[in-house]
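Okay, protein.csv is below, CSV, C-alpha atoms:
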```csv
chain,number,residue,atom,x,y,z
Y,1,MET,CA,137.0,95.2,98.9
Y,2,ALA,CA,140.5,93.8,99.0
Y,3,VAL,CA,143.4,95.6,97.2
Y,4,LEU,CA,146.4,93.4,97.1
Y,5,THR,CA,148.9,95.9,95.7
Y,6,ALA,CA,151.5,97.5,97.9
Y,7,ALA,CA,149.7,100.8,97.5
Y,8,ALA,CA,146.5,100.3,99.3
Y,9,GLY,CA,143.3,98.3,99.5
Y,10,THR,CA,139.9,97.8,100.8
Y,11,ALA,CA,138.6,95.3,103.2
Y,12,PRO,CA,136.0,92.7,102.5
Y,13,ALA,CA,132.5,94.2,102.8
Y,14,GLY,CA,129.9,92.6,105.0
Y,15,PRO,CA,126.6,91.4,103.6
Y,16,PRO,CA,125.1,94.0,101.2
Y,17,ALA,CA,122.7,96.4,102.9
Y,18,THR,CA,119.1,95.8,102.1
Y,19,ALA,CA,117.5,98.4,99.8
Y,20,SER,CA,114.4,99.8,101.4
Y,21,ALA,CA,111.2,101.0,100.0
Y,22,ALA,CA,108.5,103.2,99.3
Y,23,ALA,CA,106.7,106.3,98.4
Y,24,GLU,CA,103.5,108.2,98.3
Y,25,PRO,CA,100.5,106.1,97.6
Y,26,SER,CA,100.6,107.4,94.0
Y,27,ALA,CA,104.1,106.2,93.4
Y,28,VAL,CA,103.2,103.3,91.3
Y,29,ALA,CA,101.3,105.6,88.9
Y,30,HIS,CA,104.5,107.6,88.4
Y,31,LEU,CA,106.6,104.6,87.4
Y,32,PRO,CA,107.6,104.3,83.7
Y,33,PRO,CA,105.2,102.0,81.8
Y,34,ARG,CA,106.0,98.3,81.9
Y,35,PRO,CA,107.3,96.7,78.7
Y,36,ALA,CA,105.0,94.3,76.9
Y,37,ALA,CA,107.4,91.5,77.7
Y,38,PRO,CA,110.1,91.2,80.4
Y,39,ARG,CA,113.5,92.2,78.9
Y,40,ARG,CA,116.3,89.8,79.8
Y,41,HIS,CA,119.1,91.7,78.1
Y,42,LEU,CA,119.6,95.3,77.3
Y,43,PRO,CA,120.3,96.0,73.6
Y,44,ALA,CA,123.9,96.7,72.8
Y,45,ARG,CA,124.4,99.8,70.6
Y,46,GLY,CA,127.5,98.5,69.0
Y,47,HIS,CA,130.1,99.5,71.7
Y,48,GLY,CA,130.7,98.3,75.2
Y,49,SER,CA,130.7,101.7,76.7
Y,50,ASP,CA,127.3,102.4,75.2
Y,51,ARG,CA,125.8,99.2,76.6
Y,52,LEU,CA,127.4,100.0,80.0
Y,53,ALA,CA,125.7,103.4,79.9
Y,54,ASP,CA,122.3,101.8,79.0
Y,55,VAL,CA,122.6,99.4,82.0
Y,56,SER,CA,123.8,102.1,84.3
Y,57,LEU,CA,120.7,104.2,83.4
Y,58,GLU,CA,118.4,101.2,83.9
Y,59,VAL,CA,120.0,100.5,87.3
Y,60,LEU,CA,119.4,104.2,88.3
Y,61,ARG,CA,115.8,104.1,87.1
Y,62,LEU,CA,115.0,100.8,88.8
Y,63,GLY,CA,116.7,101.8,92.0
Y,64,SER,CA,114.7,105.0,92.2
Y,65,ALA,CA,111.5,103.1,91.4
Y,66,ALA,CA,112.3,100.6,94.1
Y,67,ASN,CA,112.9,103.3,96.7
Y,68,ARG,CA,109.6,105.1,95.9
Y,69,THR,CA,107.6,101.9,95.9
Y,70,GLY,CA,109.3,100.7,99.0
Y,71,ARG,CA,108.5,103.9,100.9
Y,72,SER,CA,104.9,103.8,99.7
Y,73,TYR,CA,104.7,100.2,100.8
Y,74,ALA,CA,106.0,101.0,104.2
Y,75,LYS,CA,103.6,103.9,104.6
Y,76,THR,CA,100.6,101.9,103.4
Y,77,LEU,CA,101.5,99.0,105.7
Y,78,HIS,CA,101.7,101.5,108.6
Y,79,GLU,CA,98.3,102.9,107.7
Y,80,VAL,CA,96.8,99.4,107.5
Y,81,TRP,CA,98.0,98.5,111.0
Y,82,ALA,CA,96.8,101.9,112.3
Y,83,GLY,CA,93.4,101.3,110.7
Y,84,ARG,CA,93.2,97.8,112.3
Y,85,THR,CA,94.1,99.3,115.7
Y,86,ARG,CA,91.5,102.0,115.4
Y,87,ALA,CA,88.8,99.5,114.3
Y,88,SER,CA,89.6,97.4,117.3
Y,89,ARG,CA,89.2,100.4,119.6
Y,90,LEU,CA,86.0,101.5,118.0
Y,91,HIS,CA,84.6,98.0,118.3
Y,92,ALA,CA,85.4,97.9,122.0
Y,93,ALA,CA,83.8,101.4,122.5
Y,94,LEU,CA,80.7,100.3,120.6
Y,95,LEU,CA,80.3,97.3,122.9
Y,96,ARG,CA,80.6,99.5,126.0
Y,97,GLU,CA,78.0,101.9,124.7
Y,98,ARG,CA,75.6,99.1,123.8
Y,99,ARG,CA,76.0,97.6,127.3
Y,100,ARG,CA,75.4,101.1,128.8
Y,101,ALA,CA,72.3,101.7,126.7
Y,102,GLY,CA,71.0,98.2,127.6
Y,103,GLU,CA,71.4,98.9,131.3
Y,104,LEU,CA,69.6,102.3,131.1
Y,105,HIS,CA,66.8,100.7,129.1
Y,106,ARG,CA,66.4,97.9,131.7
Y,107,MET,CA,66.4,100.5,134.5
Y,108,ALA,CA,63.6,102.5,132.8
Y,109,GLY,CA,61.7,99.3,132.4
Y,110,ARG,CA,61.9,98.5,136.2
Y,111,ILE,CA,60.7,102.1,137.0
Y,112,ALA,CA,57.8,101.7,134.7
Y,113,ALA,CA,56.8,98.3,136.1
Y,114,ALA,CA,57.0,99.7,139.7
Y,115,GLN,CA,54.7,102.6,138.7
Y,116,TYR,CA,52.3,100.2,137.1
Y,117,ARG,CA,52.1,98.1,140.2
Y,118,THR,CA,51.7,101.0,142.6
Y,119,GLY,CA,49.5,103.1,140.4
Y,120,SER,CA,51.7,106.1,141.3
Y,121,ARG,CA,54.3,108.0,139.3
Y,122,LEU,CA,56.5,107.9,142.5
Y,123,SER,CA,58.7,105.0,143.5
Y,124,SER,CA,58.3,103.6,147.0
Y,125,ALA,CA,61.6,105.1,148.0
Y,126,SER,CA,60.6,108.6,147.0
Y,127,ARG,CA,56.9,108.6,147.8
Y,128,ALA,CA,55.9,111.4,150.2
Y,129,ARG,CA,53.7,110.7,153.2
Y,130,PRO,CA,50.4,112.7,153.5
Y,131,SER,CA,51.6,114.1,156.8
Y,132,ASP,CA,54.5,115.8,155.0
Y,133,GLY,CA,52.2,118.3,153.5
Y,134,PRO,CA,51.5,119.4,149.9
Y,135,ASP,CA,54.8,121.0,149.3
Y,136,ALA,CA,56.7,117.8,150.1
Y,137,VAL,CA,54.4,115.8,147.7
Y,138,LEU,CA,55.0,118.3,144.8
Y,139,ARG,CA,58.7,118.2,145.4
Y,140,ALA,CA,58.7,114.4,145.3
Y,141,TYR,CA,56.8,114.4,142.0
Y,142,ARG,CA,59.2,117.0,140.5
Y,143,GLU,CA,62.2,114.9,141.6
Y,144,ALA,CA,60.7,111.8,140.1
Y,145,GLU,CA,60.0,113.5,136.8
Y,146,GLN,CA,63.5,114.9,136.7
Y,147,ARG,CA,65.1,111.5,137.3
Y,148,GLN,CA,63.0,109.9,134.6
Y,149,ARG,CA,63.8,112.7,132.1
Y,150,LEU,CA,67.5,112.4,132.9
Y,151,LEU,CA,67.3,108.6,132.4
Y,152,ALA,CA,65.6,109.1,129.1
Y,153,GLU,CA,68.2,111.6,127.9
Y,154,ARG,CA,71.1,109.3,128.9
Y,155,THR,CA,69.5,106.3,127.2
Y,156,HIS,CA,69.0,108.4,124.0
Y,157,GLU,CA,72.6,109.6,124.2
Y,158,ALA,CA,73.9,106.1,124.6
Y,159,LEU,CA,72.0,104.9,121.6
Y,160,ARG,CA,73.2,107.9,119.5
Y,161,LYS,CA,76.8,107.2,120.4
Y,162,SER,CA,76.3,103.5,119.6
Y,163,ARG,CA,75.0,104.4,116.1
Y,164,SER,CA,77.9,106.9,115.6
Y,165,LEU,CA,80.5,104.3,116.7
Y,166,GLU,CA,78.9,101.7,114.4
Y,167,ALA,CA,79.2,104.1,111.4
Y,168,ASP,CA,82.8,104.9,112.2
Y,169,SER,CA,83.7,101.3,112.5
Y,170,ALA,CA,82.1,100.5,109.2
Y,171,ALA,CA,84.0,103.4,107.5
Y,172,VAL,CA,87.3,102.3,109.1
Y,173,LEU,CA,86.8,98.7,107.9
Y,174,THR,CA,86.1,99.9,104.4
Y,175,ARG,CA,89.2,102.1,104.3
Y,176,SER,CA,91.3,99.3,105.8
Y,177,ALA,CA,90.1,96.9,103.0
Y,178,ALA,CA,91.1,99.5,100.4
Y,179,LEU,CA,94.5,100.0,102.0
Y,180,GLU,CA,95.1,96.3,102.2
Y,181,ALA,CA,94.3,96.0,98.5
Y,182,HIS,CA,96.7,98.9,97.7
Y,183,ARG,CA,99.4,97.3,99.9
Y,184,SER,CA,99.0,94.0,98.0
Y,185,ARG,CA,99.4,95.8,94.6
Y,186,LEU,CA,102.5,97.7,95.9
Y,187,ASP,CA,104.0,94.4,97.2
Y,188,THR,CA,103.6,92.8,93.8
Y,189,GLU,CA,105.1,95.8,92.1
Y,190,ARG,CA,108.0,95.9,94.6
Y,191,ARG,CA,108.8,92.3,94.0
Y,192,ARG,CA,108.7,92.8,90.2
Y,193,ILE,CA,111.1,95.7,90.4
Y,194,SER,CA,113.4,93.8,92.7
Y,195,ARG,CA,113.6,90.9,90.3
Y,196,ARG,CA,114.3,93.1,87.4
Y,197,LEU,CA,116.9,95.1,89.4
Y,198,GLY,CA,118.7,91.9,90.3
Y,199,VAL,CA,119.0,90.9,86.6
Y,200,VAL,CA,120.3,94.4,85.6
Y,201,ARG,CA,122.7,94.6,88.5
Y,202,GLY,CA,124.2,91.3,87.3
Y,203,GLN,CA,124.6,92.8,83.8
Y,204,LEU,CA,126.2,95.9,85.3
Y,205,GLN,CA,128.7,93.9,87.3
Y,206,VAL,CA,129.9,92.0,84.2
Y,207,LEU,CA,130.1,95.1,82.0
Y,208,ALA,CA,131.8,97.2,84.6
Y,209,ARG,CA,134.5,94.6,85.2
Y,210,GLN,CA,135.1,94.2,81.5
Y,211,ALA,CA,135.4,98.0,81.1
Y,212,SER,CA,137.7,98.3,84.1
Y,213,ARG,CA,140.0,95.6,82.8
Y,214,GLY,CA,140.1,97.2,79.4
Y,215,GLY,CA,141.0,100.6,80.9
Y,216,ARG,CA,137.6,102.2,80.2
Y,217,CYS,CA,135.9,104.0,83.1
Y,218,GLY,CA,132.4,103.7,81.7
Y,219,GLY,CA,129.7,106.3,82.5
Y,220,LEU,CA,126.6,107.9,81.1
Y,221,PRO,CA,126.3,109.8,77.8
Y,222,GLY,CA,127.8,113.2,78.2
Y,223,THR,CA,129.9,112.4,81.2
Y,224,VAL,CA,132.9,110.2,80.4
Y,225,SER,CA,134.0,108.6,77.2
Y,226,ALA,CA,137.1,106.7,76.1
Y,227,ALA,CA,138.4,110.0,74.5
Y,228,ALA,CA,137.6,112.2,77.5
Y,229,PRO,CA,140.4,113.4,79.8
Y,230,ARG,CA,140.6,111.4,83.0
Y,231,SER,CA,142.3,113.9,85.2
Y,232,ALA,CA,142.0,117.6,85.9
Y,233,PRO,CA,144.6,119.9,87.5
Y,234,VAL,CA,144.5,120.4,91.2
Y,235,ALA,CA,143.6,124.0,91.7
Y,236,PRO,CA,142.0,124.9,95.0
Y,237,PRO,CA,138.9,127.2,94.5
Y,238,THR,CA,139.5,130.9,95.4
Y,239,THR,CA,136.6,130.7,97.9
Y,240,ALA,CA,136.1,128.0,100.5
Y,241,PRO,CA,133.5,125.4,99.6
Y,242,GLY,CA,130.1,125.3,101.4
Y,243,GLY,CA,129.9,123.9,104.9
Y,244,THR,CA,127.3,121.2,104.1
Y,245,TRP,CA,128.5,117.6,104.2
Y,246,THR,CA,126.8,114.3,103.9
Y,247,ARG,CA,127.3,110.5,103.7
Y,248,PRO,CA,128.7,109.0,100.5
Y,249,VAL,CA,125.8,106.5,100.3
Y,250,GLU,CA,122.3,106.6,101.9
Y,251,ARG,CA,121.8,103.0,103.1
Y,252,TYR,CA,124.7,100.9,104.1
Y,253,GLU,CA,126.5,98.7,106.6
Y,254,LEU,CA,130.0,99.7,107.7
Y,255,SER,CA,132.5,96.9,107.1
Y,256,ALA,CA,136.3,97.3,107.0
Y,257,GLY,CA,137.5,100.4,108.7
Y,258,PHE,CA,140.5,102.7,108.4
Y,259,GLY,CA,143.9,101.2,109.3
Y,260,GLY,CA,142.8,97.6,109.4
Y,261,SER,CA,145.4,95.0,109.0
Y,262,GLY,CA,145.4,91.6,107.4
Y,263,ARG,CA,146.6,89.5,104.5
Y,264,ARG,CA,144.3,91.4,102.1
Y,265,TRP,CA,146.3,94.6,102.5
Y,266,ALA,CA,150.0,95.2,102.1
Y,267,ARG,CA,150.1,98.5,104.1
Y,268,GLY,CA,146.8,98.5,106.0
Y,269,HIS,CA,143.4,99.5,105.0
Y,270,THR,CA,143.4,103.1,103.6
Y,271,GLY,CA,139.7,104.0,103.9
Y,272,GLN,CA,136.3,103.0,105.2
Y,273,ASP,CA,134.2,100.4,103.4
Y,274,PHE,CA,130.4,100.8,103.0
Y,275,ALA,CA,128.7,97.5,102.2
Y,276,VAL,CA,125.9,98.3,99.7
Y,277,PRO,CA,124.2,96.5,96.8
Y,278,LEU,CA,125.9,96.9,93.4
Y,279,GLY,CA,124.6,99.9,91.5
Y,280,THR,CA,123.9,102.0,94.6
Y,281,PRO,CA,124.2,105.7,93.8
Y,282,VAL,CA,127.4,107.2,95.3
Y,283,ARG,CA,127.2,110.8,96.4
Y,284,SER,CA,129.8,113.5,96.8
Y,285,VAL,CA,130.3,114.1,100.5
Y,286,GLY,CA,130.7,117.8,99.9
Y,287,GLN,CA,131.0,120.7,97.5
Y,288,GLY,CA,134.0,120.4,95.2
Y,289,ARG,CA,135.4,119.4,91.8
Y,290,VAL,CA,136.1,116.0,90.2
Y,291,ILE,CA,139.9,116.0,89.6
Y,292,ARG,CA,140.6,112.4,88.7
Y,293,LEU,CA,138.9,109.4,87.2
Y,294,THR,CA,140.9,106.2,86.9
Y,295,CYS,CA,140.3,102.6,86.0
Y,296,GLY,CA,142.2,99.4,85.6
Y,297,ASP,CA,144.2,99.4,88.8
Y,298,GLY,CA,143.6,97.8,92.1
Y,299,PHE,CA,140.9,100.4,92.9
Y,300,GLY,CA,139.0,99.5,89.7
Y,301,ILE,CA,136.9,102.4,88.5
Y,302,SER,CA,137.8,105.2,91.0
Y,303,MET,CA,137.1,108.9,91.4
Y,304,VAL,CA,138.7,111.7,93.4
Y,305,VAL,CA,136.9,114.9,94.3
Y,306,GLN,CA,138.7,118.0,95.6
Y,307,HIS,CA,136.9,119.9,98.3
Y,308,GLY,CA,139.4,122.7,99.0
Y,309,THR,CA,143.0,123.0,100.2
Y,310,GLY,CA,144.0,119.8,101.9
Y,311,ALA,CA,140.7,118.0,101.5
Y,312,PHE,CA,140.1,115.3,98.9
Y,313,SER,CA,137.7,112.3,98.9
Y,314,GLN,CA,138.1,109.1,96.9
Y,315,TYR,CA,135.4,106.7,95.8
Y,316,ALA,CA,136.7,103.3,94.6
Y,317,HIS,CA,135.5,100.0,93.1
Y,318,LEU,CA,132.8,101.8,91.2
Y,319,SER,CA,130.7,100.2,88.4
Y,320,ALA,CA,130.1,103.5,86.5
Y,321,ALA,CA,131.0,107.1,86.6
Y,322,LEU,CA,128.2,109.8,86.5
Y,323,ALA,CA,130.5,112.8,86.6
Y,324,ARG,CA,133.6,113.8,84.5
Y,325,PRO,CA,136.9,115.2,85.5
Y,326,GLY,CA,136.7,119.0,85.9
Y,327,GLN,CA,133.1,118.9,86.8
Y,328,ARG,CA,132.0,120.8,89.9
Y,329,VAL,CA,129.7,118.8,92.2
Y,330,ARG,CA,127.5,119.8,95.2
Y,331,PRO,CA,127.0,117.9,98.5
Y,332,GLY,CA,124.8,114.8,98.0
Y,333,GLN,CA,125.1,114.9,94.2
Y,334,GLN,CA,125.2,111.5,92.6
Y,335,ILE,CA,128.6,111.1,91.0
Y,336,ALA,CA,128.9,107.3,90.5
Y,337,LEU,CA,127.4,103.9,91.0
Y,338,SER,CA,128.9,101.4,93.5
Y,339,GLY,CA,130.4,98.2,92.2
Y,340,SER,CA,133.1,95.5,92.7
Y,341,THR,CA,135.7,96.5,90.1
Y,342,GLY,CA,139.5,96.1,90.7
Y,343,ASN,CA,140.7,94.0,93.6
Y,344,SER,CA,137.4,93.5,95.3
Y,345,THR,CA,135.7,90.5,96.8
Y,346,GLY,CA,132.1,91.9,96.7
Y,347,PRO,CA,129.9,94.9,96.1
Y,348,HIS,CA,130.8,97.9,98.3
Y,349,LEU,CA,132.1,101.4,98.2
Y,350,HIS,CA,135.7,102.1,99.3
Y,351,PHE,CA,135.8,105.7,100.6
Y,352,GLU,CA,138.9,107.6,101.5
Y,353,VAL,CA,139.7,111.1,102.8
Y,354,ARG,CA,143.1,112.5,101.9
Y,355,ARG,CA,145.2,115.6,102.5
Y,356,THR,CA,146.5,115.4,98.9
Y,357,PRO,CA,145.1,113.6,95.8
Y,358,HIS,CA,147.8,110.9,96.2
Y,359,LEU,CA,147.7,107.6,98.0
Y,360,GLY,CA,149.4,107.6,101.4
Y,361,SER,CA,148.0,111.0,102.6
Y,362,GLY,CA,144.8,109.5,104.0
Y,363,VAL,CA,143.1,110.2,107.3
Y,364,ASP,CA,140.4,108.2,109.0
Y,365,PRO,CA,137.1,109.1,107.2
Y,366,VAL,CA,134.8,108.5,110.1
Y,367,PRO,CA,136.1,111.1,112.6
Y,368,TRP,CA,136.7,113.4,109.6
Y,369,LEU,CA,133.0,113.3,108.7
Y,370,VAL,CA,131.9,113.5,112.3
Y,371,SER,CA,133.9,116.7,112.8
Y,372,ARG,CA,131.8,118.1,109.9
Y,373,GLY,CA,128.5,117.1,111.4
Y,374,VAL,CA,128.0,113.8,109.6
Y,375,ARG,CA,127.6,110.7,111.8
Y,376,LEU,CA,127.8,107.2,110.5
Y,377,ARG,CA,125.7,104.5,112.1
```

Would you put the structure from the file into C-alpha cells?
Amino acid sequence: MAVLTAAAGTAPAGPPATASAAAEPSAVAHLPPRPAAPRRHLPARGHGSDRLADVSLEVLRLGSAANRTGRSYAKTLHEVWAGRTRASRLHAALLRERRRAGELHRMAGRIAAAQYRTGSRLSSASRARPSDGPDAVLRAYREAEQRQRLLAERTHEALRKSRSLEADSAAVLTRSAALEAHRSRLDTERRRISRRLGVVRGQLQVLARQASRGGRCGGLPGTVSAAAPRSAPVAPPTTAPGGTWTRPVERYELSAGFGGSGRRWARGHTGQDFAVPLGTPVRSVGQGRVIRLTCGDGFGISMVVQHGTGAFSQYAHLSAALARPGQRVRPGQQIALSGSTGNSTGPHLHFEVRRTPHLGSGVDPVPWLVSRGVRLR
C-alpha cells in the first residue's frame, strides 16, 4: 500500500474485495478429502522457505476450492429460487383449471336438471316449435347434442390439465427440497473453507513478511529458492508477443490510482492498486518473460515481467512468487500471490506499467490496459 521511500510507493488499499463462490453441483465431491482433525498450523519442514511454500500451496488449494464451492452455491441458490417461482406459477395455474373444471361441471348439472324437469333433451331456449317442421326439430336436437358433447370434452380437458399441473407441482416441490438440502450442504462447506482459508492467510502474511525482511522472495518448490538468480537480462523477444491481455487479478476493488499525491508517497503514486484478500492469485497481464524478482525493499516481494520492447509490468507487495526469473509466462498465468510485504498498510496488489524495467518510467496502467481491450471496473 504505502511506499515511503523517495523512489515510489503504493496507496492504501480500500477494504479487501470479497471472494466469491461456486461451482458445478458436483464441486464438493471434487474437493480434497478433509483431514481427520482441523489443522491449526502447517508443519515446518526445517526451513522458513519450505514452510512458506507449504502455506502458499494451501492458500492456492483453499482459494480454488472456495471459488468452486462459491460458484456452485450461487448456481444452486438460483435454481432454488427458480424452482420456487415455478412452483408458485404452477399452483396458480392449478387453481385456475380447478375453478374452470368446477364451473363446467356445474353447467352440465344445470343442463341435466333442466332436461329432467322438461322431459326433453332440448333446453327451453333451443326447443323447436312443431310449426317449424321436422327439419327444424332435428337441427335443434343436433345442436343440443353438439353443445353437450363440447361441454363434456372441455370438462374432461380441464380435469386432465388439473391432474397434469398437480403432478408437475409435486415434482417441482420435490426437486426444490433436494436443491435446498444441497444448498445447505454447500453453505456449510463454504463456511468451513472460508474459516480455514482465513487461518492460512494469517500464516502466509506472517511468513511472507519474515521472508521479505530477510531478503528471501519465497515461492513454491521448483520456482524460486534462496540460491536461485533473482534477475534475468532484458532481451526483447525476436517476435512480438501475442495480442491477448487481461487483468492482473480476477476480483478486486480499485483503490489508489496512478499519480496520486499524499504524505504516503514522496514522488506520487507510481501505479494502480487493486484491493484484494491476501493470497489472491496474481496473473501476468500479457505474454512475456519474468526478468526480475526482488524482495526486502519498499515494494516487498516484487516481480517484473517484460512484454516486449518498451512494455514492462510490475507486481508488488506480494506474499509469494510462483514464477522464477527467466521464465516465460502467458496471459492470465498465475505468477504470484498478493500480499502486504514491504511498506504496505494492508493486503493489495500494487501494479505498474513501465517503458523500461526501472522505476520512474511508469505510465498510467488503466488507460494502458484499456487501449489493449482490458477494461477495469

Legend entry - Shell of 12 Å around Glu79 of chain Y, only C-alpha atoms, local chain residues under 3 positions omitted, as a ChimeraX atom specification: /Y:24-25,72-76,82-86,172,175-180,182-183

Legend entry - Point-to-point distance in Å for atom CA of Gly279 of chain Y and atom CA of Thr341 of chain Y: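 That distance, rounded to one decimal, is 11.7 Å.
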
Legend entry - Spatial neighbours of segment 359-363 of chain Y, 10 Å, only C-alpha atoms, chain gap at least 4 places, as a PyMOL selection string: chain Y and resi 7-8+258-259+267+270-271+310-314+352-355+367-368

Inset, instruction - Name all residues at most 9 Å from Gly286 of chain Y (count only C-alpha atoms; drop same-chain ones fewer than 5 positions away) and give them as a list in words. - result: Pro241, Gly242, Gly243, Thr244, Trp245, Thr246, Arg247, Val305, His307, Ser313, Val329, Arg330, Pro331, Gly332 and Gln333 of chain Y

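In this structure, atom CA of Arg283 of chain Y sits 21.1 Å away from atom CA of Arg216 of chain Y.
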
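Restricting the calculation to only C-alpha atoms, the smallest distance between Arg106 of chain Y and any of Y:Val80, Y:Ile301, Y:Ala66, Y:Ala152 is found for Y:Ala152.
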
Legend entry - Closest of Y:Ser284, Y:Thr356, Y:Gln203, Y:Thr294 to Ala53 of chain Y - atom-to-atom distances counting all atoms listed in the file: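 Using all atoms listed in the file, Ala53 of chain Y sits closest to Y:Gln203.
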
Inset, instruction - Rounded to one decimal place, report the atom CA of Ile335 of chain Y-atom CA of Ala323 of chain Y distance in Å. - result: 5.1 Å

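Here the question is which of Y:His91, Y:Cys217, Y:Ala320, Y:His358 gets nearest to Ala167 of chain Y using all atoms listed in the file, and that residue is Y:His91.
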
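In this comparison, which uses only C-alpha atoms, the residue of Y:Gln146, Y:Leu60, Y:Gly339, Y:Leu159 approaching Gly102 of chain Y most closely is Y:Leu159.
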
Legend entry - Minimum-distance residue to Arg201 of chain Y, chosen among Y:Leu322, Y:Val249, Y:Ile291, Y:Leu278 (using all atoms listed in the file):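 Checking each candidate against Arg201 of chain Y, we get Y:Leu278 as the closest.
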
Inset, instruction - Return the single residue from Y:Ser212, Y:Arg61, Y:Gln287, Y:Glu253 that is closest to Ala316 of chain Y, with distances computed using all atoms listed in the file. - result: Y:Ser212

Legend entry - Distance query 8 Å from (128.9, 101.1, 102.7) using all atoms listed in the file, result as a PyMOL selection string: chain Y and resi 13+17+249+251-255+273-276+348-350

Just-selected residues, C-alpha atoms written as a PDB file, keeping the file's coordinate frame:
```pdb
ATOM      1  CA  ALA Y  13     132.500  94.200 102.800  1.00  0.00           C
ATOM      2  CA  ALA Y  17     122.700  96.400 102.900  1.00  0.00           C
ATOM      3  CA  VAL Y 249     125.800 106.500 100.300  1.00  0.00           C
ATOM      4  CA  ARG Y 251     121.800 103.000 103.100  1.00  0.00           C
ATOM      5  CA  TYR Y 252     124.700 100.900 104.100  1.00  0.00           C
ATOM      6  CA  GLU Y 253     126.500  98.700 106.600  1.00  0.00           C
ATOM      7  CA  LEU Y 254     130.000  99.700 107.700  1.00  0.00           C
ATOM      8  CA  SER Y 255     132.500  96.900 107.100  1.00  0.00           C
ATOM      9  CA  ASP Y 273     134.200 100.400 103.400  1.00  0.00           C
ATOM     10  CA  PHE Y 274     130.400 100.800 103.000  1.00  0.00           C
ATOM     11  CA  ALA Y 275     128.700  97.500 102.200  1.00  0.00           C
ATOM     12  CA  VAL Y 276     125.900  98.300  99.700  1.00  0.00           C
ATOM     13  CA  HIS Y 348     130.800  97.900  98.300  1.00  0.00           C
ATOM     14  CA  LEU Y 349     132.100 101.400  98.200  1.00  0.00           C
ATOM     15  CA  HIS Y 350     135.700 102.100  99.300  1.00  0.00           C
TER      16      HIS Y 350
END
```

Legend entry - Contacts of segment 160-165 of chain Y within 12 Å, all atoms listed in the file, excl. fewer than 2 positions in-chain, as a ChimeraX atom specification: /Y:86-102,153-158,167-172

Let me see the file: selected residues, C-alpha atoms, as a PDB file, in the frame of the given file.
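Ended up saving to again-v2.pdb:
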```pdb
ATOM      1  CA  ARG Y  86      91.500 102.000 115.400  1.00  0.00           C
ATOM      2  CA  ALA Y  87      88.800  99.500 114.300  1.00  0.00           C
ATOM      3  CA  SER Y  88      89.600  97.400 117.300  1.00  0.00           C
ATOM      4  CA  ARG Y  89      89.200 100.400 119.600  1.00  0.00           C
ATOM      5  CA  LEU Y  90      86.000 101.500 118.000  1.00  0.00           C
ATOM      6  CA  HIS Y  91      84.600  98.000 118.300  1.00  0.00           C
ATOM      7  CA  ALA Y  92      85.400  97.900 122.000  1.00  0.00           C
ATOM      8  CA  ALA Y  93      83.800 101.400 122.500  1.00  0.00           C
ATOM      9  CA  LEU Y  94      80.700 100.300 120.600  1.00  0.00           C
ATOM     10  CA  LEU Y  95      80.300  97.300 122.900  1.00  0.00           C
ATOM     11  CA  ARG Y  96      80.600  99.500 126.000  1.00  0.00           C
ATOM     12  CA  GLU Y  97      78.000 101.900 124.700  1.00  0.00           C
ATOM     13  CA  ARG Y  98      75.600  99.100 123.800  1.00  0.00           C
ATOM     14  CA  ARG Y  99      76.000  97.600 127.300  1.00  0.00           C
ATOM     15  CA  ARG Y 100      75.400 101.100 128.800  1.00  0.00           C
ATOM     16  CA  ALA Y 101      72.300 101.700 126.700  1.00  0.00           C
ATOM     17  CA  GLY Y 102      71.000  98.200 127.600  1.00  0.00           C
ATOM     18  CA  GLU Y 153      68.200 111.600 127.900  1.00  0.00           C
ATOM     19  CA  ARG Y 154      71.100 109.300 128.900  1.00  0.00           C
ATOM     20  CA  THR Y 155      69.500 106.300 127.200  1.00  0.00           C
ATOM     21  CA  HIS Y 156      69.000 108.400 124.000  1.00  0.00           C
ATOM     22  CA  GLU Y 157      72.600 109.600 124.200  1.00  0.00           C
ATOM     23  CA  ALA Y 158      73.900 106.100 124.600  1.00  0.00           C
ATOM     24  CA  ALA Y 167      79.200 104.100 111.400  1.00  0.00           C
ATOM     25  CA  ASP Y 168      82.800 104.900 112.200  1.00  0.00           C
ATOM     26  CA  SER Y 169      83.700 101.300 112.500  1.00  0.00           C
ATOM     27  CA  ALA Y 170      82.100 100.500 109.200  1.00  0.00           C
ATOM     28  CA  ALA Y 171      84.000 103.400 107.500  1.00  0.00           C
ATOM     29  CA  VAL Y 172      87.300 102.300 109.100  1.00  0.00           C
TER      30      VAL Y 172
END
```
